[in-house]
$ cat coords_13.txt   # compact mmCIF, N, CA and C atoms
# COMPACT_ATOMS: atom_id res chain seq x y z
N MET D 17 1.90 26.77 14.63
CA MET D 17 1.73 25.45 14.04
C MET D 17 2.65 25.31 12.82
N ASN D 18 3.08 24.11 12.56
CA ASN D 18 3.93 23.82 11.42
C ASN D 18 3.09 23.46 10.20
N GLU D 19 3.73 23.57 9.08
CA GLU D 19 3.13 23.14 7.82
C GLU D 19 3.14 21.61 7.78
N GLN D 20 2.07 21.03 7.24
CA GLN D 20 2.04 19.58 7.10
C GLN D 20 3.08 19.14 6.06
N ILE D 21 3.41 17.87 6.09
CA ILE D 21 4.37 17.31 5.14
C ILE D 21 3.72 16.14 4.44
N ILE D 22 3.94 16.04 3.13
CA ILE D 22 3.46 14.92 2.34
C ILE D 22 4.58 13.88 2.26
N GLY D 23 4.25 12.62 2.47
CA GLY D 23 5.21 11.53 2.35
C GLY D 23 4.90 10.71 1.11
N LEU D 24 5.94 10.27 0.41
CA LEU D 24 5.76 9.49 -0.82
C LEU D 24 6.56 8.20 -0.76
N ASP D 25 5.93 7.14 -1.22
CA ASP D 25 6.61 5.87 -1.48
C ASP D 25 6.50 5.66 -2.99
N ILE D 26 7.55 6.01 -3.71
CA ILE D 26 7.52 6.01 -5.17
C ILE D 26 7.97 4.66 -5.71
N GLY D 27 7.08 4.00 -6.41
CA GLY D 27 7.39 2.74 -7.07
C GLY D 27 7.23 2.89 -8.57
N ASP D 28 7.49 1.81 -9.30
CA ASP D 28 7.37 1.85 -10.75
C ASP D 28 5.91 1.89 -11.21
N VAL D 29 5.00 1.30 -10.44
CA VAL D 29 3.60 1.18 -10.83
C VAL D 29 2.70 2.12 -10.03
N ARG D 30 3.03 2.32 -8.74
CA ARG D 30 2.19 3.13 -7.86
C ARG D 30 3.05 4.05 -7.00
N ILE D 31 2.39 5.11 -6.53
CA ILE D 31 3.01 6.02 -5.56
C ILE D 31 2.09 6.05 -4.34
N GLY D 32 2.60 5.62 -3.21
CA GLY D 32 1.85 5.73 -1.97
C GLY D 32 2.01 7.12 -1.41
N VAL D 33 0.92 7.66 -0.85
CA VAL D 33 0.94 9.02 -0.33
C VAL D 33 0.46 9.01 1.12
N ALA D 34 1.17 9.76 1.96
CA ALA D 34 0.80 9.94 3.36
C ALA D 34 0.90 11.42 3.68
N VAL D 35 0.35 11.83 4.82
CA VAL D 35 0.44 13.21 5.26
C VAL D 35 0.66 13.25 6.76
N SER D 36 1.41 14.27 7.19
CA SER D 36 1.61 14.46 8.63
C SER D 36 0.50 15.35 9.17
N ASP D 37 0.32 15.31 10.47
CA ASP D 37 -0.55 16.30 11.10
C ASP D 37 0.24 17.61 11.18
N ALA D 38 -0.44 18.70 11.51
CA ALA D 38 0.20 20.01 11.54
C ALA D 38 1.32 20.10 12.58
N SER D 39 1.22 19.32 13.64
CA SER D 39 2.27 19.35 14.66
C SER D 39 3.45 18.45 14.29
N ARG D 40 3.33 17.75 13.19
CA ARG D 40 4.39 16.86 12.66
C ARG D 40 4.77 15.75 13.63
N LEU D 41 3.75 15.20 14.27
CA LEU D 41 3.98 14.08 15.18
C LEU D 41 3.55 12.75 14.59
N ILE D 42 2.48 12.77 13.77
CA ILE D 42 1.88 11.53 13.29
C ILE D 42 1.72 11.57 11.77
N ALA D 43 2.09 10.49 11.12
CA ALA D 43 1.90 10.32 9.67
C ALA D 43 0.71 9.41 9.45
N SER D 44 -0.13 9.77 8.50
CA SER D 44 -1.32 8.97 8.18
C SER D 44 -1.35 8.67 6.69
N PRO D 45 -1.71 7.44 6.32
CA PRO D 45 -1.85 7.11 4.90
C PRO D 45 -2.99 7.90 4.27
N VAL D 46 -2.82 8.31 3.01
CA VAL D 46 -3.84 9.12 2.34
C VAL D 46 -4.41 8.42 1.12
N GLU D 47 -3.56 8.10 0.15
CA GLU D 47 -4.06 7.50 -1.10
C GLU D 47 -2.92 6.86 -1.87
N VAL D 48 -3.30 6.18 -2.95
CA VAL D 48 -2.35 5.55 -3.85
C VAL D 48 -2.58 6.13 -5.24
N ILE D 49 -1.51 6.59 -5.86
CA ILE D 49 -1.56 7.12 -7.21
C ILE D 49 -1.05 6.04 -8.15
N THR D 50 -1.81 5.74 -9.19
CA THR D 50 -1.33 4.82 -10.22
C THR D 50 -0.46 5.62 -11.18
N ARG D 51 0.78 5.16 -11.39
CA ARG D 51 1.74 5.87 -12.22
C ARG D 51 1.27 5.93 -13.67
N VAL D 52 1.43 7.13 -14.27
CA VAL D 52 1.10 7.34 -15.68
C VAL D 52 2.34 7.83 -16.42
N GLY D 53 3.05 8.73 -15.83
CA GLY D 53 4.25 9.34 -16.41
C GLY D 53 4.63 10.52 -15.55
N TRP D 54 5.85 11.02 -15.72
CA TRP D 54 6.33 12.08 -14.85
C TRP D 54 5.40 13.28 -14.82
N GLY D 55 4.93 13.75 -15.96
CA GLY D 55 4.07 14.93 -16.02
C GLY D 55 2.79 14.75 -15.21
N PRO D 56 1.96 13.74 -15.55
CA PRO D 56 0.74 13.52 -14.80
C PRO D 56 0.98 13.17 -13.33
N ASP D 57 2.05 12.42 -13.05
CA ASP D 57 2.37 12.05 -11.67
C ASP D 57 2.71 13.30 -10.85
N CYS D 58 3.52 14.18 -11.42
CA CYS D 58 3.89 15.43 -10.73
C CYS D 58 2.65 16.30 -10.51
N LYS D 59 1.80 16.37 -11.52
CA LYS D 59 0.59 17.18 -11.41
C LYS D 59 -0.28 16.67 -10.25
N LYS D 60 -0.45 15.36 -10.15
CA LYS D 60 -1.27 14.78 -9.09
C LYS D 60 -0.66 15.06 -7.71
N ILE D 61 0.65 14.92 -7.60
CA ILE D 61 1.33 15.18 -6.32
C ILE D 61 1.19 16.65 -5.95
N CYS D 62 1.33 17.54 -6.92
CA CYS D 62 1.15 18.98 -6.65
C CYS D 62 -0.28 19.28 -6.21
N GLU D 63 -1.26 18.60 -6.80
CA GLU D 63 -2.66 18.79 -6.39
C GLU D 63 -2.86 18.35 -4.94
N ILE D 64 -2.24 17.24 -4.56
CA ILE D 64 -2.34 16.77 -3.19
C ILE D 64 -1.69 17.78 -2.24
N CYS D 65 -0.53 18.31 -2.63
CA CYS D 65 0.13 19.33 -1.80
C CYS D 65 -0.76 20.56 -1.64
N GLU D 66 -1.42 20.97 -2.71
CA GLU D 66 -2.33 22.12 -2.62
C GLU D 66 -3.49 21.82 -1.67
N ARG D 67 -4.02 20.60 -1.74
CA ARG D 67 -5.13 20.21 -0.86
C ARG D 67 -4.74 20.36 0.61
N TYR D 68 -3.49 20.02 0.92
CA TYR D 68 -3.02 20.10 2.30
C TYR D 68 -2.24 21.39 2.59
N GLN D 69 -2.24 22.30 1.64
CA GLN D 69 -1.61 23.60 1.77
C GLN D 69 -0.16 23.48 2.22
N THR D 70 0.59 22.69 1.48
CA THR D 70 2.00 22.49 1.78
C THR D 70 2.81 22.41 0.50
N ARG D 71 4.09 22.69 0.63
CA ARG D 71 5.04 22.54 -0.48
C ARG D 71 6.15 21.58 -0.05
N LEU D 72 5.99 20.94 1.11
CA LEU D 72 7.02 20.06 1.67
C LEU D 72 6.70 18.60 1.40
N VAL D 73 7.70 17.89 0.88
CA VAL D 73 7.54 16.48 0.53
C VAL D 73 8.73 15.69 1.08
N VAL D 74 8.43 14.54 1.64
CA VAL D 74 9.47 13.58 2.03
C VAL D 74 9.27 12.37 1.14
N SER D 75 10.31 12.03 0.39
CA SER D 75 10.24 10.86 -0.48
C SER D 75 11.12 9.76 0.09
N GLY D 76 10.59 8.56 0.07
CA GLY D 76 11.43 7.43 0.43
C GLY D 76 12.52 7.26 -0.61
N LEU D 77 13.72 6.96 -0.18
CA LEU D 77 14.84 6.72 -1.09
C LEU D 77 15.25 5.26 -0.94
N PRO D 78 15.02 4.47 -2.00
CA PRO D 78 15.30 3.03 -1.91
C PRO D 78 16.79 2.73 -2.04
N LEU D 79 17.46 2.71 -0.92
CA LEU D 79 18.89 2.40 -0.90
C LEU D 79 19.11 0.90 -0.92
N ASN D 80 20.27 0.50 -1.41
CA ASN D 80 20.66 -0.91 -1.32
C ASN D 80 20.94 -1.22 0.14
N MET D 81 20.96 -2.49 0.49
CA MET D 81 21.16 -2.87 1.89
C MET D 81 22.50 -2.39 2.44
N ASP D 82 23.49 -2.12 1.56
CA ASP D 82 24.77 -1.61 2.03
C ASP D 82 24.79 -0.07 2.11
N GLY D 83 23.63 0.56 1.84
CA GLY D 83 23.52 2.01 1.96
C GLY D 83 23.81 2.79 0.69
N THR D 84 24.21 2.11 -0.36
CA THR D 84 24.50 2.80 -1.62
C THR D 84 23.22 2.99 -2.43
N GLU D 85 23.28 3.92 -3.36
CA GLU D 85 22.15 4.17 -4.25
C GLU D 85 22.30 3.35 -5.52
N GLY D 86 21.22 2.71 -5.91
CA GLY D 86 21.19 1.93 -7.13
C GLY D 86 20.28 2.58 -8.16
N PHE D 87 19.90 1.80 -9.16
CA PHE D 87 19.07 2.28 -10.25
C PHE D 87 17.72 2.79 -9.78
N GLN D 88 17.08 2.08 -8.83
CA GLN D 88 15.76 2.49 -8.35
C GLN D 88 15.85 3.85 -7.63
N ALA D 89 16.90 4.08 -6.88
CA ALA D 89 17.08 5.37 -6.21
C ALA D 89 17.25 6.49 -7.24
N GLN D 90 17.94 6.20 -8.32
CA GLN D 90 18.11 7.20 -9.38
C GLN D 90 16.77 7.55 -10.01
N LYS D 91 15.89 6.55 -10.18
CA LYS D 91 14.57 6.82 -10.75
C LYS D 91 13.74 7.69 -9.80
N VAL D 92 13.83 7.41 -8.50
CA VAL D 92 13.10 8.22 -7.51
C VAL D 92 13.63 9.65 -7.55
N ARG D 93 14.93 9.81 -7.57
CA ARG D 93 15.52 11.16 -7.61
C ARG D 93 15.09 11.89 -8.89
N GLY D 94 14.96 11.16 -9.99
CA GLY D 94 14.51 11.78 -11.24
C GLY D 94 13.12 12.38 -11.12
N LEU D 95 12.19 11.63 -10.54
CA LEU D 95 10.83 12.15 -10.34
C LEU D 95 10.86 13.31 -9.35
N CYS D 96 11.63 13.17 -8.29
CA CYS D 96 11.69 14.24 -7.28
C CYS D 96 12.31 15.51 -7.85
N ASP D 97 13.26 15.38 -8.78
CA ASP D 97 13.82 16.56 -9.44
C ASP D 97 12.72 17.32 -10.18
N GLN D 98 11.78 16.58 -10.77
CA GLN D 98 10.65 17.21 -11.45
C GLN D 98 9.74 17.92 -10.44
N LEU D 99 9.56 17.33 -9.27
CA LEU D 99 8.73 17.96 -8.23
C LEU D 99 9.36 19.28 -7.78
N VAL D 100 10.69 19.30 -7.67
CA VAL D 100 11.39 20.53 -7.29
C VAL D 100 11.16 21.60 -8.36
N LYS D 101 11.18 21.19 -9.62
CA LYS D 101 10.93 22.14 -10.71
C LYS D 101 9.51 22.70 -10.65
N HIS D 102 8.60 21.97 -10.01
CA HIS D 102 7.22 22.44 -9.83
C HIS D 102 7.07 23.26 -8.54
N GLY D 103 8.19 23.57 -7.88
CA GLY D 103 8.15 24.45 -6.71
C GLY D 103 8.03 23.75 -5.37
N LEU D 104 8.14 22.42 -5.35
CA LEU D 104 8.07 21.70 -4.08
C LEU D 104 9.47 21.56 -3.48
N THR D 105 9.53 21.47 -2.17
CA THR D 105 10.79 21.19 -1.47
C THR D 105 10.77 19.71 -1.11
N VAL D 106 11.80 18.99 -1.53
CA VAL D 106 11.83 17.54 -1.34
C VAL D 106 12.98 17.15 -0.42
N TYR D 107 12.64 16.35 0.59
CA TYR D 107 13.62 15.73 1.47
C TYR D 107 13.57 14.23 1.22
N TYR D 108 14.65 13.54 1.54
CA TYR D 108 14.70 12.09 1.33
C TYR D 108 14.83 11.38 2.67
N GLN D 109 14.22 10.21 2.73
CA GLN D 109 14.29 9.35 3.91
C GLN D 109 14.60 7.93 3.45
N ASP D 110 15.59 7.33 4.06
CA ASP D 110 15.93 5.93 3.76
C ASP D 110 14.67 5.08 3.93
N GLU D 111 14.32 4.35 2.89
CA GLU D 111 13.09 3.57 2.96
C GLU D 111 13.34 2.06 3.01
N ARG D 112 14.57 1.66 3.27
CA ARG D 112 14.84 0.24 3.34
C ARG D 112 13.89 -0.45 4.31
N LEU D 113 13.25 -1.49 3.83
CA LEU D 113 12.34 -2.34 4.60
C LEU D 113 11.02 -1.66 4.99
N SER D 114 10.72 -0.49 4.42
CA SER D 114 9.46 0.18 4.76
C SER D 114 8.25 -0.61 4.29
N THR D 115 8.33 -1.22 3.13
CA THR D 115 7.20 -2.02 2.64
C THR D 115 7.02 -3.26 3.49
N VAL D 116 8.12 -3.84 3.96
CA VAL D 116 8.04 -5.00 4.85
C VAL D 116 7.35 -4.60 6.15
N ALA D 117 7.73 -3.44 6.69
CA ALA D 117 7.10 -2.96 7.93
C ALA D 117 5.62 -2.69 7.71
N ALA D 118 5.27 -2.12 6.56
CA ALA D 118 3.87 -1.85 6.25
C ALA D 118 3.07 -3.14 6.14
N GLU D 119 3.63 -4.13 5.44
CA GLU D 119 2.97 -5.44 5.30
C GLU D 119 2.77 -6.08 6.67
N ASP D 120 3.80 -6.06 7.49
CA ASP D 120 3.69 -6.65 8.83
C ASP D 120 2.60 -5.97 9.66
N SER D 121 2.55 -4.65 9.58
CA SER D 121 1.53 -3.91 10.31
C SER D 121 0.13 -4.28 9.85
N LEU D 122 -0.05 -4.42 8.55
CA LEU D 122 -1.36 -4.77 8.00
C LEU D 122 -1.75 -6.21 8.37
N ILE D 123 -0.79 -7.10 8.36
CA ILE D 123 -1.05 -8.50 8.75
C ILE D 123 -1.47 -8.54 10.21
N MET D 124 -0.73 -7.81 11.07
CA MET D 124 -1.06 -7.80 12.49
C MET D 124 -2.43 -7.16 12.75
N SER D 125 -2.86 -6.29 11.84
CA SER D 125 -4.17 -5.65 11.96
C SER D 125 -5.29 -6.53 11.41
N GLY D 126 -4.92 -7.68 10.85
CA GLY D 126 -5.92 -8.61 10.34
C GLY D 126 -6.41 -8.31 8.93
N VAL D 127 -5.68 -7.49 8.18
CA VAL D 127 -6.08 -7.16 6.82
C VAL D 127 -5.70 -8.33 5.91
N HIS D 128 -6.66 -8.83 5.15
CA HIS D 128 -6.42 -9.96 4.27
C HIS D 128 -5.57 -9.56 3.07
N ARG D 129 -4.98 -10.54 2.40
CA ARG D 129 -4.03 -10.31 1.32
C ARG D 129 -4.56 -9.35 0.25
N LYS D 130 -5.79 -9.55 -0.19
CA LYS D 130 -6.35 -8.69 -1.24
C LYS D 130 -6.44 -7.24 -0.74
N GLY D 131 -6.86 -7.06 0.48
CA GLY D 131 -6.95 -5.73 1.06
C GLY D 131 -5.58 -5.09 1.25
N ARG D 132 -4.58 -5.89 1.61
CA ARG D 132 -3.22 -5.38 1.80
C ARG D 132 -2.66 -4.82 0.51
N LYS D 133 -2.91 -5.52 -0.59
CA LYS D 133 -2.37 -5.09 -1.88
C LYS D 133 -2.88 -3.70 -2.25
N GLN D 134 -4.11 -3.39 -1.85
CA GLN D 134 -4.72 -2.11 -2.19
C GLN D 134 -4.20 -0.95 -1.34
N VAL D 135 -3.66 -1.24 -0.16
CA VAL D 135 -3.27 -0.15 0.76
C VAL D 135 -1.80 -0.14 1.16
N VAL D 136 -1.06 -1.18 0.81
CA VAL D 136 0.32 -1.28 1.31
C VAL D 136 1.18 -0.10 0.89
N ASP D 137 0.97 0.46 -0.30
CA ASP D 137 1.81 1.56 -0.75
C ASP D 137 1.60 2.82 0.08
N LYS D 138 0.35 3.13 0.42
CA LYS D 138 0.12 4.32 1.24
C LYS D 138 0.53 4.09 2.69
N VAL D 139 0.43 2.87 3.16
CA VAL D 139 0.92 2.56 4.51
C VAL D 139 2.45 2.66 4.54
N ALA D 140 3.10 2.19 3.47
CA ALA D 140 4.56 2.32 3.38
C ALA D 140 4.96 3.79 3.35
N ALA D 141 4.19 4.63 2.65
CA ALA D 141 4.46 6.07 2.64
C ALA D 141 4.35 6.64 4.06
N ALA D 142 3.37 6.17 4.82
CA ALA D 142 3.22 6.62 6.20
C ALA D 142 4.40 6.17 7.06
N VAL D 143 4.90 4.96 6.84
CA VAL D 143 6.07 4.45 7.57
C VAL D 143 7.29 5.33 7.26
N ILE D 144 7.47 5.65 5.99
CA ILE D 144 8.60 6.50 5.58
C ILE D 144 8.49 7.88 6.23
N LEU D 145 7.30 8.48 6.12
CA LEU D 145 7.10 9.81 6.68
C LEU D 145 7.25 9.79 8.20
N GLN D 146 6.73 8.76 8.87
CA GLN D 146 6.86 8.67 10.32
C GLN D 146 8.32 8.55 10.72
N SER D 147 9.11 7.81 9.96
CA SER D 147 10.55 7.70 10.24
C SER D 147 11.22 9.06 10.15
N TYR D 148 10.84 9.83 9.14
CA TYR D 148 11.39 11.18 8.97
C TYR D 148 10.99 12.07 10.15
N LEU D 149 9.70 12.05 10.51
CA LEU D 149 9.21 12.88 11.61
C LEU D 149 9.93 12.52 12.91
N ASP D 150 10.09 11.23 13.17
CA ASP D 150 10.77 10.78 14.39
C ASP D 150 12.23 11.24 14.40
N ALA D 151 12.89 11.17 13.25
CA ALA D 151 14.29 11.59 13.16
C ALA D 151 14.40 13.10 13.41
N GLN D 152 13.45 13.88 12.94
CA GLN D 152 13.48 15.32 13.15
C GLN D 152 13.27 15.65 14.64
N LYS D 153 12.38 14.89 15.30
CA LYS D 153 12.16 15.09 16.74
C LYS D 153 13.44 14.83 17.52
N GLU D 154 14.15 13.75 17.14
CA GLU D 154 15.38 13.39 17.83
C GLU D 154 16.45 14.45 17.67
N LYS D 155 16.46 15.12 16.52
CA LYS D 155 17.45 16.18 16.29
C LYS D 155 17.22 17.38 17.20
N LYS D 156 15.94 17.59 17.60
CA LYS D 156 15.60 18.73 18.45
C LYS D 156 15.88 18.46 19.92
N ILE D 157 16.03 17.20 20.28
CA ILE D 157 16.24 16.84 21.69
C ILE D 157 17.67 17.10 22.10

$ encode --input "coords_13.txt" --output "structure tokens"
Amino acid sequence: MNEQIIGLDIGDVRIGVAVSDASRLIASPVEVITRVGWGPDCKKICEICERYQTRLVVSGLPLNMDGTEGFQAQKVRGLCDQLVKHGLTVYYQDERLSTVAAEDSLIMSGVHRKGRKQVVDKVAAAVILQSYLDAQKEKKI
């Protein structure tokens, strides 16, 4: 069996968290972390990794529509650099339109606006992680 992977959708206010199953086929939303600062945020992410007995993290990387990295991507890389210093291995996944996909999925599931706001970040983390898992499967084929 493989080690599970934690997926992150890192925003300025919240961090959405998802986790893969041990076979790395399915990503599931887990929770939303309210941002406090790099130290407390890293500590919380490390605690989640310990809960799932993993050191592997996939972070969404918010690229510009032309594929270049902007200021938001630099902020994500800054937090992820701190996670690496805490002993985690971090991979990046293009997250363009992941929040849009998460919103669409929640709307199609009949989740009302107030409910969507509370879960969209962790669903976006699951979309990011699922994209990574699918890309890894394709590489093995």

$ select_by_dssp --input "coords_13.txt" --residues "chain D" --states "strand (DSSP E)" --output "JSON, numbers by chain"
{"D": [22, 23, 24, 25, 26, 30, 31, 32, 33, 34, 35, 36, 43, 44, 45, 46, 47, 48, 49, 50, 72, 73, 74, 75, 76, 77, 105, 106, 107, 108, 109, 110]}

$ closest_residue --input "coords_13.txt" --among "D:Val35, D:Leu77, D:Val135, D:Ile49" --to "Arg93 of chain D" --atoms "all atoms listed in the file"
D:Leu77

$ atom_distance --input "coords_13.txt" --atom1 "atom CA of Ser44 of chain D" --atom2 "atom CA of Ile22 of chain D"
9.6 Å

$ residues_near_point --input "coords_13.txt" --point "(-2.3, 2.9, 0.8)" --cutoff "7 Å" --atoms "all atoms listed in the file" --output "PDB file with N, CA and C atoms, keeping the file's coordinate frame"
ATOM      1  N   GLY D  32       2.600   5.620  -3.210  1.00  0.00           N
ATOM      2  CA  GLY D  32       1.850   5.730  -1.970  1.00  0.00           C
ATOM      3  C   GLY D  32       2.010   7.120  -1.410  1.00  0.00           C
ATOM      4  N   VAL D  33       0.920   7.660  -0.850  1.00  0.00           N
ATOM      5  CA  VAL D  33       0.940   9.020  -0.330  1.00  0.00           C
ATOM      6  C   VAL D  33       0.460   9.010   1.120  1.00  0.00           C
ATOM      7  N   PRO D  45      -1.710   7.440   6.320  1.00  0.00           N
ATOM      8  CA  PRO D  45      -1.850   7.110   4.900  1.00  0.00           C
ATOM      9  C   PRO D  45      -2.990   7.900   4.270  1.00  0.00           C
ATOM     10  N   VAL D  46      -2.820   8.310   3.010  1.00  0.00           N
ATOM     11  CA  VAL D  46      -3.840   9.120   2.340  1.00  0.00           C
ATOM     12  C   VAL D  46      -4.410   8.420   1.120  1.00  0.00           C
ATOM     13  N   GLU D  47      -3.560   8.100   0.150  1.00  0.00           N
ATOM     14  CA  GLU D  47      -4.060   7.500  -1.100  1.00  0.00           C
ATOM     15  C   GLU D  47      -2.920   6.860  -1.870  1.00  0.00           C
ATOM     16  N   VAL D  48      -3.300   6.180  -2.950  1.00  0.00           N
ATOM     17  CA  VAL D  48      -2.350   5.550  -3.850  1.00  0.00           C
ATOM     18  C   VAL D  48      -2.580   6.130  -5.240  1.00  0.00           C
ATOM     19  N   GLN D 134      -4.110  -3.390  -1.850  1.00  0.00           N
ATOM     20  CA  GLN D 134      -4.720  -2.110  -2.190  1.00  0.00           C
ATOM     21  C   GLN D 134      -4.200  -0.950  -1.340  1.00  0.00           C
ATOM     22  N   VAL D 135      -3.660  -1.240  -0.160  1.00  0.00           N
ATOM     23  CA  VAL D 135      -3.270  -0.150   0.760  1.00  0.00           C
ATOM     24  C   VAL D 135      -1.800  -0.140   1.160  1.00  0.00           C
ATOM     25  N   VAL D 136      -1.060  -1.180   0.810  1.00  0.00           N
ATOM     26  CA  VAL D 136       0.320  -1.280   1.310  1.00  0.00           C
ATOM     27  C   VAL D 136       1.180  -0.100   0.890  1.00  0.00           C
ATOM     28  N   ASP D 137       0.970   0.460  -0.300  1.00  0.00           N
ATOM     29  CA  ASP D 137       1.810   1.560  -0.750  1.00  0.00           C
ATOM     30  C   ASP D 137       1.600   2.820   0.080  1.00  0.00           C
ATOM     31  N   LYS D 138       0.350   3.130   0.420  1.00  0.00           N
ATOM     32  CA  LYS D 138       0.120   4.320   1.240  1.00  0.00           C
ATOM     33  C   LYS D 138       0.530   4.090   2.690  1.00  0.00           C
ATOM     34  N   VAL D 139       0.430   2.870   3.160  1.00  0.00           N
ATOM     35  CA  VAL D 139       0.920   2.560   4.510  1.00  0.00           C
ATOM     36  C   VAL D 139       2.450   2.660   4.540  1.00  0.00           C
ATOM     37  N   ALA D 140       3.100   2.190   3.470  1.00  0.00           N
ATOM     38  CA  ALA D 140       4.560   2.320   3.380  1.00  0.00           C
ATOM     39  C   ALA D 140       4.960   3.790   3.350  1.00  0.00           C
ATOM     40  N   ALA D 141       4.190   4.630   2.650  1.00  0.00           N
ATOM     41  CA  ALA D 141       4.460   6.070   2.640  1.00  0.00           C
ATOM     42  C   ALA D 141       4.350   6.640   4.060  1.00  0.00           C
TER      43      ALA D 141
END

$ atom_distance --input "coords_13.txt" --atom1 "atom CA of Met81 of chain D" --atom2 "atom N of Asp150 of chain D"
21.2 Å

$ atom_distance --input "coords_13.txt" --atom1 "atom CA of Cys65 of chain D" --atom2 "atom CA of Gln90 of chain D"
23.0 Å

$ closest_residue --input "coords_13.txt" --among "D:Gln88, D:Glu111, D:Leu79, D:Trp54" --to "Gly27 of chain D" --atoms "only C-alpha atoms"
D:Gln88

$ closest_residue --input "coords_13.txt" --among "D:Ala43, D:Ala34, D:Ala89, D:Ile26" --to "Ser147 of chain D" --atoms "all atoms listed in the file"
D:Ala43

$ residues_around --input "coords_13.txt" --residues "Ala38 of chain D" --least-positions-apart "3" --cutoff "6 Å" --atoms "only C-alpha atoms" --output "list of chain:residue names"
D:Asn18, D:Glu19, D:Gln20

$ residues_around --input "coords_13.txt" --residues "Gly103 of chain D" --least-positions-apart "6" --cutoff "8 Å" --atoms "only N, CA and C atoms" --output "NGL selection string"
:D and (70-72)
